[in-house]
Amino acid sequence: MKTDHKKKAKAPLTIEQKIKRRNFISFGAFFALGGGAVAGWKWLLDAPEETPGITGGTRAPLRRALNKTELFFRNFFSNNHLVKTYDKERAAKTPRVNSLIGIEDDEDFDITTWKLHVKLNNLNSQYISIDEIKALPKTEIVYDFKCVEGWDEIQHWAGVRLSDFLAHFNLEEQAKKQYMGLETPNKAYYVGLERDSVFHPQTILAYEMNGKPISLEHGAPLRLIVPVKYGIKNLKRIGNMTFSDSRPKDYWAEQGYDYYSGL
Amino acid sequence: MKVIKEKHTFLMRWTHWVNFPVLAIMIWSGLFIYWANDAYGISIFGYSLIKFFPEWFYNFFHIPQRLAEGMAFHFLFMWFFFINGLLYIIYTIFSGAWRELMPNKNSFKEAWQVLLHDLHIRKTIPPQKKYNAAQRIAYTIIILMGIGSVVTGLAIYKPVQFYWICWLCGGYHFARILHFTLTIGYVFFFLIHIVQVILAGWNNFRAVVAGFEVVEEQQALRQEPITTEKTEDSDENRS
């Protein structure tokens with residue numbers, strides 16, 4: 001309106017002209033921004049998949065966002081934040097079996113000769129039998145197991161606390177590294193855990209379910225129970241344990257899932 | 001004569017139009033996630049009335065087998081949904097716009113009258129200000145629903161780190177049900193909203209894009225040096 005005063009030669013805009021002008025500017029901006037949003041959306045939809053590596057299977061910008069979001073939410077992680085526990089009576093009598101990758105595809109597996117293979121460095125390894133593990137103090141947990149698919153089930157597990165295990169077998173020096181990698185004996189299924197979750201007080205190497213030895217399909221003789229992660233990280237039938245400062249291979253992170261998958 | 005009357009501020013329009021596609025993406029990616037464990041439905045006396053969702057629905061929108069993709073989209077756009085909503089809430093608080101938006105003690109009675117009027121049961125409509133009583137209730141509830149989605153979402157997303165939020169939402173299992181139910185609520189809100197916008201007409205719609213509406217004002221009123229606030233007062237006096 002101020003320009004009207006300066007240019008006195010021109011007649012002031014009529015109300016109809018003002019309406020037209022504002023309609024034009026507003027809807028022009030509206031459609032320009034809308035077009036920009038559509039273009040941005042198309043860019044994201046058509047964004048190339050990330051280069052397959054430790055993670056894979058998702059659009060590169062979305063993977064960057066997942067990793068950044070992980071960093072933000074890791075600020076809230078604390079060993080004092082515990083998963084809710086329940087009475088034993090609440091636990092499922094026949095817990096759900098959701099996946100047998102690394103178990104059903106391993107015909108050579110012999111549970112009687114099984115030993116946990118801990119890779120100390122490139123040259124040295126340590127082999128630990130199930131009896132040595134069972135000799136350690138037992139930790140029990142009844143909690144709501146959560147699957148990335150969206151279901152949850154109260155389950156009862158028992159075994160040795162992972163931090164106790166590392167201390168007893170003098171693996172604390174190795175465990176100072178940022179990550180622990182775990183694999184099935186046939187290396188078909190594998191997960192990576194960051195140090196925080198390894199040392200969480202509710203993370204256990206389990207050998208009992210509902211007070212009895214774990215069945216083969218639930219991961220006998222030894223499996224991981226990590227309540228601060230989705231089920232996909234709770235590796236069954238642990239064969240190999242490694243330590244590293246970079247992210248170890250992770251089965252589902254290669255298939256487009258968040259590497260962290262923390263709860 | 002015709003007069004331009006300012007109606008919606010820039011920030012109100014901006015947050016409204018940003019929310020629309022962002023919420024659409026959240027619902028779309030949320031369906032990818034829900035599909036992986038589509039446990040919900042409505043049944044009465046053991047007879048299943050509705051299953052969320054039938055196969056044809058999933059196939060029509062290409063939903064099956066996209067869980068990882070859905071999570072990746074959901075956990076990016078949740079930020080935009082949250083920041084945009086926060087911006088709106090902060091703005092309405094500090095600008096005082098909440099006074100026009102929150103229901104007051106007459107709102108529920110008036111909203112009933114508005115509903116009867118809209119359904120052509122009642123001839124007269126209660127005197128209207130910027131937002132009528134039904135709108136005040138709807139636009140307040142939708143914000144509460146938005147807050148609910150963020151809170152229940154956090155409860156499902158980090159149930160261990162935010163165990164107290166999870167507890168507030170009635171536990172992990174129930175929080176997922178709430179999160180889903182709120183989403184169904186948005187769909188119903190959207191459908192009613194669209195019908196109302198169409199019925200309200202062009203002038204009303206333009207105000208949400210351009211910010212102004214065109215009103216007919218009597219010449220007599222214009223001669224008096226009155227501010228817009230006073231006209232609102234006289235509106236109120238009539239009620």
# chains A, B, ... in the order shown; residues from 1 in each chain; ligands from 1
>>> residues_around(residues="Ala60 (chain A)", least_positions_apart="2", cutoff="9 Å", atoms="only C-alpha atoms", output="list in words")
Ala47, Pro48, Glu49, Glu50, Thr51, Gly56, Gly57, Thr58, Leu62, Arg63, Arg64 and Ala65 of chain A
>>> write_last_selection(atoms="N, CA and C atoms", output="PDB file, in the first residue's frame")
ATOM      1  N   ALA A  47      15.961 -41.933  -4.710  1.00  0.00           N
ATOM      2  CA  ALA A  47      17.351 -41.879  -4.247  1.00  0.00           C
ATOM      3  C   ALA A  47      17.998 -43.250  -4.379  1.00  0.00           C
ATOM      4  N   PRO A  48      19.269 -43.300  -4.784  1.00  0.00           N
ATOM      5  CA  PRO A  48      19.929 -44.593  -4.977  1.00  0.00           C
ATOM      6  C   PRO A  48      20.097 -45.332  -3.659  1.00  0.00           C
ATOM      7  N   GLU A  49      20.125 -46.651  -3.753  1.00  0.00           N
ATOM      8  CA  GLU A  49      20.362 -47.464  -2.580  1.00  0.00           C
ATOM      9  C   GLU A  49      21.808 -47.258  -2.125  1.00  0.00           C
ATOM     10  N   GLU A  50      22.028 -47.347  -0.828  1.00  0.00           N
ATOM     11  CA  GLU A  50      23.375 -47.208  -0.274  1.00  0.00           C
ATOM     12  C   GLU A  50      24.295 -48.292  -0.847  1.00  0.00           C
ATOM     13  N   THR A  51      25.580 -48.014  -0.847  1.00  0.00           N
ATOM     14  CA  THR A  51      26.539 -49.029  -1.289  1.00  0.00           C
ATOM     15  C   THR A  51      26.527 -50.160  -0.270  1.00  0.00           C
ATOM     16  N   GLY A  56      23.057 -52.090   4.385  1.00  0.00           N
ATOM     17  CA  GLY A  56      22.656 -52.116   2.981  1.00  0.00           C
ATOM     18  C   GLY A  56      21.156 -52.156   2.858  1.00  0.00           C
ATOM     19  N   GLY A  57      20.695 -52.070   1.620  1.00  0.00           N
ATOM     20  CA  GLY A  57      19.288 -52.341   1.345  1.00  0.00           C
ATOM     21  C   GLY A  57      18.330 -51.200   1.558  1.00  0.00           C
ATOM     22  N   THR A  58      18.824 -50.004   1.885  1.00  0.00           N
ATOM     23  CA  THR A  58      17.889 -48.888   2.004  1.00  0.00           C
ATOM     24  C   THR A  58      18.434 -47.685   1.255  1.00  0.00           C
ATOM     25  N   LEU A  62      18.045 -42.111   3.578  1.00  0.00           N
ATOM     26  CA  LEU A  62      17.326 -42.668   4.729  1.00  0.00           C
ATOM     27  C   LEU A  62      18.294 -43.362   5.686  1.00  0.00           C
ATOM     28  N   ARG A  63      19.334 -43.992   5.143  1.00  0.00           N
ATOM     29  CA  ARG A  63      20.339 -44.619   6.006  1.00  0.00           C
ATOM     30  C   ARG A  63      21.078 -43.550   6.816  1.00  0.00           C
ATOM     31  N   ARG A  64      21.392 -42.441   6.158  1.00  0.00           N
ATOM     32  CA  ARG A  64      22.049 -41.348   6.895  1.00  0.00           C
ATOM     33  C   ARG A  64      21.160 -40.878   8.039  1.00  0.00           C
ATOM     34  N   ALA A  65      19.862 -40.770   7.750  1.00  0.00           N
ATOM     35  CA  ALA A  65      18.918 -40.318   8.781  1.00  0.00           C
ATOM     36  C   ALA A  65      18.849 -41.332   9.928  1.00  0.00           C
TER      37      ALA A  65
END
>>> select_by_dssp(residues="region 77-255 of chain A", states="strand (DSSP E)", output="count of residues only")
52
>>> interface_residues(of="chain A", to="chain B", cutoff="6 Å", atoms="only C-alpha atoms", output="PyMOL selection string")
chain A and resi 26+62+77+81+83+149-150+256-257+263
>>> write_last_selection(atoms="C-alpha atoms", output="compact mmCIF listing (two decimals), in the first residue's frame")
# COMPACT_ATOMS: atom_id res chain seq x y z
CA SER A 26 -0.45 -16.54 -2.31
CA LEU A 62 17.33 -42.67 4.73
CA PHE A 77 20.88 -44.79 26.99
CA HIS A 81 17.28 -47.88 32.50
CA VAL A 83 13.52 -53.35 30.90
CA GLU A 149 7.80 -57.01 13.36
CA GLY A 150 5.73 -55.53 16.16
CA GLY A 256 17.69 -52.33 5.20
CA TYR A 257 17.11 -52.37 8.95
CA LEU A 263 14.88 -50.07 22.55
>>> atom_distance(atom1="CA of Phe10 (chain B)", atom2="CA of Ala29 (chain A)")
12.1 Å
>>> select_by_dssp(residues="region 24-188 of chain B", states="helix (DSSP H, G or I)", output="VMD selection string")
chain B and resid 24 to 35 55 to 60 67 to 95 98 to 101 107 to 118 133 to 157 163 to 168 172 to 188
>>> residues_around(residues="Ile50 (chain B)", least_positions_apart="6", cutoff="9 Å", atoms="only C-alpha atoms", output="PyMOL selection string")
chain B and resi 40-43
>>> write_last_selection(atoms="N, CA and C atoms", output="compact mmCIF listing (two decimals), in the first residue's frame")
# COMPACT_ATOMS: atom_id res chain seq x y z
N TYR B 40 -4.67 -56.24 14.70
CA TYR B 40 -5.85 -55.56 15.24
C TYR B 40 -7.09 -55.70 14.36
N GLY B 41 -8.21 -55.64 15.05
CA GLY B 41 -9.50 -55.70 14.38
C GLY B 41 -10.58 -55.38 15.39
N ILE B 42 -11.80 -55.35 14.93
CA ILE B 42 -12.92 -55.12 15.84
C ILE B 42 -13.83 -56.33 15.77
N SER B 43 -14.10 -56.93 16.94
CA SER B 43 -15.02 -58.06 16.95
C SER B 43 -16.00 -57.89 18.10
